[in-house]
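Have a look at structure-v8.pdb; it's PDB, C-alpha atoms, pLDDT in the B column:
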```
MODEL        1
ATOM      1  CA  MET D   1     105.678  81.952  89.111  1.00 46.00           C
ATOM      2  CA  ARG D   2     107.807  84.701  90.601  1.00 47.00           C
ATOM      3  CA  SER D   3     106.747  88.164  91.653  1.00 45.00           C
ATOM      4  CA  CYS D   4     108.265  91.494  90.695  1.00 56.00           C
ATOM      5  CA  VAL D   5     110.566  91.187  93.689  1.00 49.00           C
ATOM      6  CA  ASP D   6     112.189  88.184  92.004  1.00 49.00           C
ATOM      7  CA  THR D   7     112.326  89.701  88.532  1.00 48.00           C
ATOM      8  CA  PHE D   8     113.731  93.087  89.599  1.00 47.00           C
ATOM      9  CA  THR D   9     117.262  93.355  88.204  1.00 48.00           C
ATOM     10  CA  ASP D  10     119.388  95.900  89.990  1.00 53.00           C
ATOM     11  CA  PRO D  11     122.758  96.694  88.495  1.00 52.00           C
ATOM     12  CA  GLU D  12     125.605  94.760  90.100  1.00 56.00           C
ATOM     13  CA  PRO D  13     127.034  96.614  93.117  1.00 55.00           C
ATOM     14  CA  SER D  14     130.341  98.342  92.506  1.00 58.00           C
ATOM     15  CA  SER D  15     133.295  96.014  91.893  1.00 54.00           C
ATOM     16  CA  ALA D  16     135.295  98.255  94.223  1.00 59.00           C
ATOM     17  CA  LEU D  17     133.460  96.623  97.125  1.00 68.00           C
ATOM     18  CA  ALA D  18     134.669  93.379  98.652  1.00 69.00           C
ATOM     19  CA  ALA D  19     132.479  90.330  98.085  1.00 69.00           C
ATOM     20  CA  GLY D  20     131.006  90.513 101.584  1.00 76.00           C
ATOM     21  CA  GLU D  21     130.264  94.210 101.174  1.00 83.00           C
ATOM     22  CA  ARG D  22     128.499  93.575  97.847  1.00 85.00           C
ATOM     23  CA  ASP D  23     126.218  91.066  99.532  1.00 88.00           C
ATOM     24  CA  LEU D  24     125.623  93.528 102.346  1.00 92.00           C
ATOM     25  CA  ALA D  25     124.804  96.289  99.860  1.00 91.00           C
ATOM     26  CA  ARG D  26     122.168  94.044  98.247  1.00 90.00           C
ATOM     27  CA  PHE D  27     120.660  93.339 101.662  1.00 93.00           C
ATOM     28  CA  LEU D  28     120.586  97.050 102.501  1.00 94.00           C
ATOM     29  CA  VAL D  29     118.827  97.914  99.234  1.00 91.00           C
ATOM     30  CA  GLU D  30     115.966  95.597 100.157  1.00 88.00           C
ATOM     31  CA  ALA D  31     115.903  96.464 103.877  1.00 93.00           C
ATOM     32  CA  ILE D  32     115.953 100.241 103.418  1.00 94.00           C
ATOM     33  CA  GLY D  33     113.570 100.022 100.470  1.00 89.00           C
ATOM     34  CA  GLU D  34     111.064  98.127 102.619  1.00 87.00           C
ATOM     35  CA  ALA D  35     111.495 100.674 105.427  1.00 91.00           C
ATOM     36  CA  ILE D  36     110.544 103.422 102.948  1.00 90.00           C
ATOM     37  CA  ILE D  37     107.563 101.509 101.555  1.00 84.00           C
ATOM     38  CA  ARG D  38     106.289 100.751 105.057  1.00 83.00           C
ATOM     39  CA  GLY D  39     106.667 104.341 106.224  1.00 84.00           C
ATOM     40  CA  GLU D  40     109.415 103.628 108.758  1.00 90.00           C
ATOM     41  CA  LEU D  41     111.479 106.212 106.891  1.00 91.00           C
ATOM     42  CA  PRO D  42     108.890 108.954 106.259  1.00 88.00           C
ATOM     43  CA  LEU D  43     108.381 110.405 102.813  1.00 86.00           C
ATOM     44  CA  GLY D  44     110.434 113.540 102.333  1.00 88.00           C
ATOM     45  CA  SER D  45     112.623 112.849 105.375  1.00 92.00           C
ATOM     46  CA  LYS D  46     116.358 113.491 105.263  1.00 94.00           C
ATOM     47  CA  ILE D  47     118.618 110.459 104.884  1.00 94.00           C
ATOM     48  CA  SER D  48     121.211 110.291 107.661  1.00 93.00           C
ATOM     49  CA  GLU D  49     124.019 107.947 106.700  1.00 93.00           C
ATOM     50  CA  PRO D  50     125.380 107.742 110.282  1.00 94.00           C
ATOM     51  CA  ALA D  51     121.916 106.894 111.618  1.00 95.00           C
ATOM     52  CA  LEU D  52     121.376 104.202 108.997  1.00 95.00           C
ATOM     53  CA  ALA D  53     124.864 102.797 109.596  1.00 95.00           C
ATOM     54  CA  ARG D  54     124.030 102.470 113.298  1.00 95.00           C
ATOM     55  CA  ARG D  55     120.558 101.076 112.615  1.00 95.00           C
ATOM     56  CA  TYR D  56     121.868  98.277 110.412  1.00 95.00           C
ATOM     57  CA  ASN D  57     125.290  97.987 112.050  1.00 94.00           C
ATOM     58  CA  VAL D  58     127.169  98.430 108.784  1.00 93.00           C
ATOM     59  CA  SER D  59     130.051 100.460 107.426  1.00 91.00           C
ATOM     60  CA  ARG D  60     129.600 103.444 105.157  1.00 89.00           C
ATOM     61  CA  SER D  61     130.841 101.812 101.896  1.00 90.00           C
ATOM     62  CA  PRO D  62     128.058  99.231 101.407  1.00 92.00           C
ATOM     63  CA  LEU D  63     125.532 101.740 102.742  1.00 93.00           C
ATOM     64  CA  ARG D  64     126.485 104.349 100.155  1.00 92.00           C
ATOM     65  CA  GLU D  65     126.308 101.722  97.412  1.00 92.00           C
ATOM     66  CA  ALA D  66     122.814 100.769  98.604  1.00 93.00           C
ATOM     67  CA  LEU D  67     121.723 104.402  98.587  1.00 94.00           C
ATOM     68  CA  ASN D  68     122.954 104.731  95.000  1.00 91.00           C
ATOM     69  CA  ARG D  69     120.783 101.749  94.008  1.00 89.00           C
ATOM     70  CA  LEU D  70     117.793 103.205  95.861  1.00 92.00           C
ATOM     71  CA  ALA D  71     118.254 106.468  93.992  1.00 90.00           C
ATOM     72  CA  GLU D  72     118.106 104.483  90.729  1.00 86.00           C
ATOM     73  CA  ARG D  73     114.877 102.902  91.962  1.00 83.00           C
ATOM     74  CA  ARG D  74     113.654 106.460  92.595  1.00 85.00           C
ATOM     75  CA  LEU D  75     112.961 105.809  96.263  1.00 89.00           C
ATOM     76  CA  ILE D  76     115.428 108.455  97.365  1.00 92.00           C
ATOM     77  CA  GLU D  77     116.565 111.641  95.670  1.00 91.00           C
ATOM     78  CA  ARG D  78     119.658 113.789  95.989  1.00 87.00           C
ATOM     79  CA  THR D  79     119.923 117.540  95.595  1.00 84.00           C
ATOM     80  CA  PRO D  80     123.074 119.670  96.004  1.00 82.00           C
ATOM     81  CA  SER D  81     121.514 121.860  98.703  1.00 80.00           C
ATOM     82  CA  LEU D  82     119.483 119.293 100.663  1.00 79.00           C
ATOM     83  CA  GLY D  83     121.488 116.092 100.302  1.00 85.00           C
ATOM     84  CA  ALA D  84     119.730 112.735 100.178  1.00 90.00           C
ATOM     85  CA  ARG D  85     116.063 112.477 101.103  1.00 94.00           C
ATOM     86  CA  VAL D  86     113.298 109.937 100.837  1.00 92.00           C
ATOM     87  CA  VAL D  87     111.161 110.893  97.847  1.00 88.00           C
ATOM     88  CA  SER D  88     107.966 112.845  98.381  1.00 83.00           C
ATOM     89  CA  LEU D  89     104.718 111.947  96.690  1.00 75.00           C
ATOM     90  CA  SER D  90     104.299 114.027  93.573  1.00 79.00           C
ATOM     91  CA  THR D  91     100.904 114.291  91.942  1.00 82.00           C
ATOM     92  CA  GLU D  92     102.568 114.963  88.594  1.00 86.00           C
ATOM     93  CA  ALA D  93     104.729 111.838  88.885  1.00 83.00           C
ATOM     94  CA  LEU D  94     101.714 109.834  89.993  1.00 84.00           C
ATOM     95  CA  HIS D  95      99.722 110.902  86.932  1.00 87.00           C
ATOM     96  CA  HIS D  96     102.672 109.990  84.716  1.00 88.00           C
ATOM     97  CA  ILE D  97     103.046 106.543  86.307  1.00 87.00           C
ATOM     98  CA  TYR D  98      99.375 105.691  85.906  1.00 90.00           C
ATOM     99  CA  ALA D  99      99.294 107.066  82.367  1.00 93.00           C
ATOM    100  CA  VAL D 100     102.067 104.640  81.441  1.00 92.00           C
ATOM    101  CA  ARG D 101     100.824 101.800  83.591  1.00 91.00           C
ATOM    102  CA  GLU D 102      97.280 101.618  82.188  1.00 95.00           C
ATOM    103  CA  PRO D 103      98.156 100.665  78.587  1.00 96.00           C
ATOM    104  CA  LEU D 104     101.053  98.429  79.661  1.00 96.00           C
ATOM    105  CA  GLU D 105      98.961  96.494  82.180  1.00 95.00           C
ATOM    106  CA  GLY D 106      96.172  96.256  79.608  1.00 97.00           C
ATOM    107  CA  LEU D 107      98.604  94.823  77.069  1.00 97.00           C
ATOM    108  CA  ALA D 108      99.857  92.272  79.608  1.00 97.00           C
ATOM    109  CA  ALA D 109      96.294  91.101  80.264  1.00 97.00           C
ATOM    110  CA  ARG D 110      95.533  90.932  76.523  1.00 98.00           C
ATOM    111  CA  GLU D 111      98.601  88.819  75.829  1.00 97.00           C
ATOM    112  CA  ALA D 112      97.952  86.627  78.865  1.00 97.00           C
ATOM    113  CA  ALA D 113      94.472  85.820  77.542  1.00 98.00           C
ATOM    114  CA  THR D 114      95.999  84.280  74.423  1.00 97.00           C
ATOM    115  CA  ARG D 115      99.161  82.740  75.899  1.00 97.00           C
ATOM    116  CA  ALA D 116      98.189  81.486  79.363  1.00 97.00           C
ATOM    117  CA  THR D 117      98.443  77.738  79.892  1.00 97.00           C
ATOM    118  CA  GLU D 118      96.111  75.823  82.184  1.00 97.00           C
ATOM    119  CA  ASP D 119      98.888  75.829  84.792  1.00 96.00           C
ATOM    120  CA  ASP D 120      99.196  79.612  84.441  1.00 96.00           C
ATOM    121  CA  ILE D 121      95.461  80.044  84.972  1.00 97.00           C
ATOM    122  CA  ALA D 122      95.541  77.739  88.000  1.00 96.00           C
ATOM    123  CA  ALA D 123      98.369  79.822  89.470  1.00 94.00           C
ATOM    124  CA  LEU D 124      96.420  83.040  88.827  1.00 95.00           C
ATOM    125  CA  ARG D 125      93.361  81.563  90.537  1.00 95.00           C
ATOM    126  CA  ALA D 126      95.444  80.597  93.585  1.00 92.00           C
ATOM    127  CA  THR D 127      97.037  84.035  93.793  1.00 90.00           C
ATOM    128  CA  LEU D 128      93.681  85.775  93.504  1.00 91.00           C
ATOM    129  CA  ALA D 129      92.209  83.505  96.183  1.00 91.00           C
ATOM    130  CA  ARG D 130      95.037  84.500  98.546  1.00 88.00           C
ATOM    131  CA  HIS D 131      94.429  88.169  97.788  1.00 84.00           C
ATOM    132  CA  GLU D 132      90.696  87.843  98.411  1.00 86.00           C
ATOM    133  CA  ASN D 133      91.375  86.067 101.702  1.00 86.00           C
ATOM    134  CA  GLU D 134      93.804  88.816 102.761  1.00 80.00           C
ATOM    135  CA  VAL D 135      91.195  91.450 101.997  1.00 79.00           C
ATOM    136  CA  ARG D 136      88.563  89.653 104.083  1.00 80.00           C
ATOM    137  CA  LEU D 137      90.957  89.399 107.017  1.00 78.00           C
ATOM    138  CA  THR D 138      92.115  93.029 106.822  1.00 70.00           C
ATOM    139  CA  PRO D 139      90.063  95.658 108.685  1.00 56.00           C
ATOM    140  CA  GLY D 140      88.358  97.935 106.184  1.00 55.00           C
ATOM    141  CA  GLY D 141      89.248  95.669 103.288  1.00 51.00           C
ATOM    142  CA  ALA D 142      92.495  97.524 102.636  1.00 50.00           C
ATOM    143  CA  PRO D 143      94.492  96.242  99.664  1.00 49.00           C
ATOM    144  CA  ASN D 144      97.837  94.587 100.189  1.00 46.00           C
ATOM    145  CA  ALA D 145     100.408  97.174  99.197  1.00 44.00           C
ATOM    146  CA  MET D 146     103.465  95.523 100.674  1.00 43.00           C
ATOM    147  CA  GLY D 147     104.558  93.180  97.946  1.00 49.00           C
ATOM    148  CA  GLY D 148     102.023  90.417  98.517  1.00 46.00           C
ATOM    149  CA  ALA D 149      99.315  88.815  96.418  1.00 37.00           C
ATOM    150  CA  ASP D 150      98.063  92.015  94.774  1.00 44.00           C
ATOM    151  CA  ASN D 151     101.478  92.702  93.293  1.00 52.00           C
ATOM    152  CA  ASP D 152     102.025  89.080  92.290  1.00 74.00           C
ATOM    153  CA  PHE D 153      98.806  89.010  90.250  1.00 88.00           C
ATOM    154  CA  HIS D 154      99.994  91.884  88.083  1.00 89.00           C
ATOM    155  CA  ALA D 155     103.536  90.509  87.832  1.00 86.00           C
ATOM    156  CA  MET D 156     102.259  87.087  86.810  1.00 90.00           C
ATOM    157  CA  LEU D 157     100.236  88.579  83.964  1.00 94.00           C
ATOM    158  CA  ALA D 158     103.307  90.417  82.715  1.00 92.00           C
ATOM    159  CA  ARG D 159     105.364  87.232  82.776  1.00 92.00           C
ATOM    160  CA  ILE D 160     102.623  85.141  81.162  1.00 95.00           C
ATOM    161  CA  SER D 161     102.555  87.673  78.309  1.00 95.00           C
ATOM    162  CA  GLY D 162     105.927  86.326  77.198  1.00 93.00           C
ATOM    163  CA  ASN D 163     107.111  89.864  76.381  1.00 93.00           C
ATOM    164  CA  ASP D 164     110.450  90.445  78.081  1.00 92.00           C
ATOM    165  CA  LEU D 165     110.342  94.191  77.432  1.00 91.00           C
ATOM    166  CA  LEU D 166     106.915  94.401  79.054  1.00 92.00           C
ATOM    167  CA  VAL D 167     108.172  92.453  82.066  1.00 89.00           C
ATOM    168  CA  ARG D 168     111.123  94.801  82.428  1.00 85.00           C
ATOM    169  CA  LEU D 169     109.001  97.934  82.145  1.00 86.00           C
ATOM    170  CA  LEU D 170     106.383  96.771  84.648  1.00 86.00           C
ATOM    171  CA  CYS D 171     108.559  94.807  87.042  1.00 80.00           C
ATOM    172  CA  ASP D 172     111.832  96.703  86.940  1.00 70.00           C
ATOM    173  CA  ASP D 173     111.186 100.313  85.983  1.00 67.00           C
ATOM    174  CA  LEU D 174     107.777 100.921  87.590  1.00 78.00           C
ATOM    175  CA  TYR D 175     107.578  98.342  90.345  1.00 75.00           C
ATOM    176  CA  GLN D 176     109.121 100.164  93.315  1.00 76.00           C
ATOM    177  CA  GLN D 177     107.367 103.428  92.575  1.00 78.00           C
ATOM    178  CA  LEU D 178     104.056 101.630  92.159  1.00 76.00           C
ATOM    179  CA  ARG D 179     104.500  99.898  95.498  1.00 78.00           C
ATOM    180  CA  LEU D 180     105.168 103.234  97.164  1.00 80.00           C
ATOM    181  CA  TYR D 181     102.071 104.856  95.700  1.00 73.00           C
ATOM    182  CA  ARG D 182      99.951 101.741  96.150  1.00 68.00           C
ATOM    183  CA  SER D 183     100.719 101.825  99.873  1.00 71.00           C
ATOM    184  CA  GLN D 184      98.630 104.989 100.037  1.00 62.00           C
ATOM    185  CA  LEU D 185      95.558 102.938  99.097  1.00 57.00           C
ATOM    186  CA  ARG D 186      95.452 101.677 102.658  1.00 57.00           C
ATOM    187  CA  HIS D 187      93.687 104.948 103.436  1.00 61.00           C
ATOM    188  CA  VAL D 188      90.860 104.391 100.924  1.00 70.00           C
ATOM    189  CA  PRO D 189      88.009 102.492 102.624  1.00 74.00           C
ATOM    190  CA  GLY D 190      86.744  99.535 100.642  1.00 78.00           C
ATOM    191  CA  ARG D 191      89.320  99.825  97.852  1.00 81.00           C
ATOM    192  CA  GLY D 192      90.720  96.375  98.604  1.00 80.00           C
ATOM    193  CA  LEU D 193      87.322  94.758  98.131  1.00 84.00           C
ATOM    194  CA  ARG D 194      86.814  96.545  94.820  1.00 89.00           C
ATOM    195  CA  ALA D 195      90.309  95.623  93.623  1.00 88.00           C
ATOM    196  CA  ALA D 196      89.597  91.955  94.335  1.00 89.00           C
ATOM    197  CA  VAL D 197      86.398  92.126  92.279  1.00 93.00           C
ATOM    198  CA  GLU D 198      88.243  93.865  89.427  1.00 95.00           C
ATOM    199  CA  HIS D 199      90.984  91.235  89.457  1.00 94.00           C
ATOM    200  CA  ARG D 200      88.339  88.520  89.321  1.00 95.00           C
ATOM    201  CA  ARG D 201      86.858  90.097  86.169  1.00 97.00           C
ATOM    202  CA  VAL D 202      90.281  90.191  84.512  1.00 98.00           C
ATOM    203  CA  LEU D 203      90.854  86.552  85.373  1.00 97.00           C
ATOM    204  CA  GLU D 204      87.442  85.510  84.046  1.00 98.00           C
ATOM    205  CA  ALA D 205      88.216  87.189  80.712  1.00 98.00           C
ATOM    206  CA  ILE D 206      91.547  85.357  80.555  1.00 98.00           C
ATOM    207  CA  GLU D 207      89.822  82.064  81.350  1.00 98.00           C
ATOM    208  CA  ASP D 208      87.388  82.778  78.492  1.00 98.00           C
ATOM    209  CA  ARG D 209      90.341  83.490  76.164  1.00 97.00           C
ATOM    210  CA  ASP D 210      88.922  86.930  75.406  1.00 98.00           C
ATOM    211  CA  PRO D 211      91.902  89.271  74.905  1.00 98.00           C
ATOM    212  CA  GLU D 212      89.821  92.381  74.174  1.00 98.00           C
ATOM    213  CA  LEU D 213      87.768  91.965  77.332  1.00 98.00           C
ATOM    214  CA  ALA D 214      90.832  91.111  79.424  1.00 98.00           C
ATOM    215  CA  GLU D 215      92.538  94.310  78.280  1.00 98.00           C
ATOM    216  CA  MET D 216      89.438  96.406  78.910  1.00 98.00           C
ATOM    217  CA  MET D 217      88.913  94.961  82.406  1.00 98.00           C
ATOM    218  CA  MET D 218      92.541  95.535  83.346  1.00 97.00           C
ATOM    219  CA  ARG D 219      92.538  99.102  82.060  1.00 98.00           C
ATOM    220  CA  ARG D 220      89.371  99.776  84.032  1.00 97.00           C
ATOM    221  CA  HIS D 221      91.045  98.305  87.111  1.00 95.00           C
ATOM    222  CA  VAL D 222      94.098 100.548  86.756  1.00 93.00           C
ATOM    223  CA  ALA D 223      91.877 103.585  86.113  1.00 94.00           C
ATOM    224  CA  ALA D 224      89.879 102.788  89.257  1.00 92.00           C
ATOM    225  CA  SER D 225      93.095 102.500  91.249  1.00 87.00           C
ATOM    226  CA  ARG D 226      94.173 105.877  89.907  1.00 87.00           C
ATOM    227  CA  ALA D 227      90.835 107.435  90.847  1.00 88.00           C
ATOM    228  CA  ALA D 228      91.143 106.031  94.362  1.00 84.00           C
ATOM    229  CA  VAL D 229      94.677 107.081  95.182  1.00 78.00           C
ATOM    230  CA  VAL D 230      95.153 110.386  93.328  1.00 76.00           C
ATOM    231  CA  PRO D 231      92.734 112.535  95.399  1.00 77.00           C
ATOM    232  CA  GLY D 232      94.403 111.478  98.644  1.00 68.00           C
ATOM    233  CA  VAL D 233      97.877 112.168  97.333  1.00 67.00           C
ATOM    234  CA  GLU D 234      96.782 115.536  95.955  1.00 69.00           C
ATOM    235  CA  LYS D 235      95.274 116.421  99.330  1.00 68.00           C
ATOM    236  CA  ASP D 236      98.460 115.430 101.180  1.00 62.00           C
ATOM    237  CA  HIS D 237     100.593 117.257  98.641  1.00 60.00           C
ATOM    238  CA  ALA D 238      98.531 120.430  99.030  1.00 58.00           C
TER
ENDMDL
END
```

As structure tokens:
Amino acid sequence: MRSCVDTFTDPEPSSALAAGERDLARFLVEAIGEAIIRGELPLGSKISEPALARRYNVSRSPLREALNRLAERRLIERTPSLGARVVSLSTEALHHIYAVREPLEGLAAREAATRATEDDIAALRATLARHENEVRLTPGGAPNAMGGADNDFHAMLARISGNDLLVRLLCDDLYQQLRLYRSQLRHVPGRGLRAAVEHRRVLEAIEDRDPELAEMMMRRHVAASRAAVVPGVEKDHA
């Protein structure tokens, strides 16, 4: 079962690039995207193409193509007066993301409760066990916001749902922005422990083949995540 990283479908890099440059552009999309998620390129900071070209030892053509893809992922933004910058956290955008995410994630859990095979459930159990172990080993019980088990649990439910549109919405359109906002949960003490408990309740409902309960537990989980991260983002934004 693949994660959202595997299901994310970026448009093909420009055909004007040579084959080697297209491969390099794909690498740069992932490398620079991870640098943004991990805070190595601070939120709101100006993008310097010469600095990035030196950092990754690349030419400007594949770098510019990568920046175009990152703009489509909404990890960077361009304005005529300021040029390219890493996105800043917006409380309005955050509210919009969670407002969309809650019903979609709930639907994925509902569908998973009716469609999951025994192999699917075994894979969900293994993923949740890894997440719970990560939480126990992480000081403060911080959730994994860097593309690990927490993200895979949600992605797996979307894929188990069998709804390709749902997979695309959750794994393509929202995934990178969710990772960026979810990274802020590292600053919420105990949130990782609570998230693990909430995931366990979703899984138990799926194991019981109870779609209504699975949807309710997932929507509660997303609402709790929203309640945890929004105040901190609002404070930083203020």

Arg226 (chain D) surroundings by only C-alpha atoms, 10 Å radius, close-in-sequence under 2 positions cut, as a ChimeraX atom specification: /D:94-95,97-99,102,181-182,185,220-224,228-231

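Distance annotation: of D:Arg191, D:Arg55, D:Arg219, D:His199, the residue with the minimal separation from Val135 (chain D) is D:Arg191; atom set is all atoms listed in the file.
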
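The residue that comes closest to Gln177 (chain D), out of D:Leu63, D:Ala25, D:Leu89, D:Leu52 and on the basis of all atoms listed in the file, is D:Leu89.
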
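On the file presented, the PyMOL selection byres ((chain D and resi 31) around 12) picks out Leu24, Ala25, Arg26, Phe27, Leu28, Val29, Glu30, Ile32, Gly33, Glu34, Ala35, Ile36, Ile37, Arg38, Glu40, Leu41, Leu52, Arg55, Tyr56, Leu63, Ala66, Leu67 and Leu70 of chain D.
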
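We find CA of Ser161 (chain D) and CA of Ala108 (chain D) to be spaced 5.5 Å apart.
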
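For the set D:Met216, D:Leu43, D:Ala205, D:Ala112, the residue with the smallest atom-to-atom gap to Ala84 (chain D) is D:Leu43, counting only C-alpha atoms.
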
Evaluate the PyMOL selection byres ((chain D and resi 204) around 10) and report residues as a PyMOL selection string: chain D and resi 113+121+125+198-203+205-210+213-214+217

Region 78-81 of chain D surroundings by only C-alpha atoms, 10 Å radius, close-in-sequence under 5 positions cut, as a ChimeraX atom specification: /D:46-47,67-68,71,86-87

Given the selection you just returned, output its residues as a file containing C-alpha atoms, formatted as a tab-separated table (two decimals), in the frame of the given file.
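Result file is part-v1.tsv:
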```tsv
chain	number	residue	atom	x	y	z
D	46	LYS	CA	116.36	113.49	105.26
D	47	ILE	CA	118.62	110.46	104.88
D	67	LEU	CA	121.72	104.40	98.59
D	68	ASN	CA	122.95	104.73	95.00
D	71	ALA	CA	118.25	106.47	93.99
D	86	VAL	CA	113.30	109.94	100.84
D	87	VAL	CA	111.16	110.89	97.85
```

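Interatomic distance, CA of Asp172 (chain D) against CA of His154 (chain D): 12.8 Å.
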
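Separating CA of Gly192 (chain D) from CA of Ser225 (chain D) is a distance of 9.9 Å.
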
Pick from D:Leu137, D:Met156, D:Leu82, D:Leu128, whichever lies nearest to Glu105 (chain D) using only C-alpha atoms: D:Met156

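For the set D:Arg74, D:Glu21, D:Leu107, D:Arg85, the residue with the smallest atom-to-atom gap to Ser61 (chain D) is D:Glu21, counting only C-alpha atoms.
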
Selected residue, from D:Met218, D:Ala227, D:Leu166, D:Leu180, that lies nearest to Ile76 (chain D) when counting only C-alpha atoms: D:Leu180
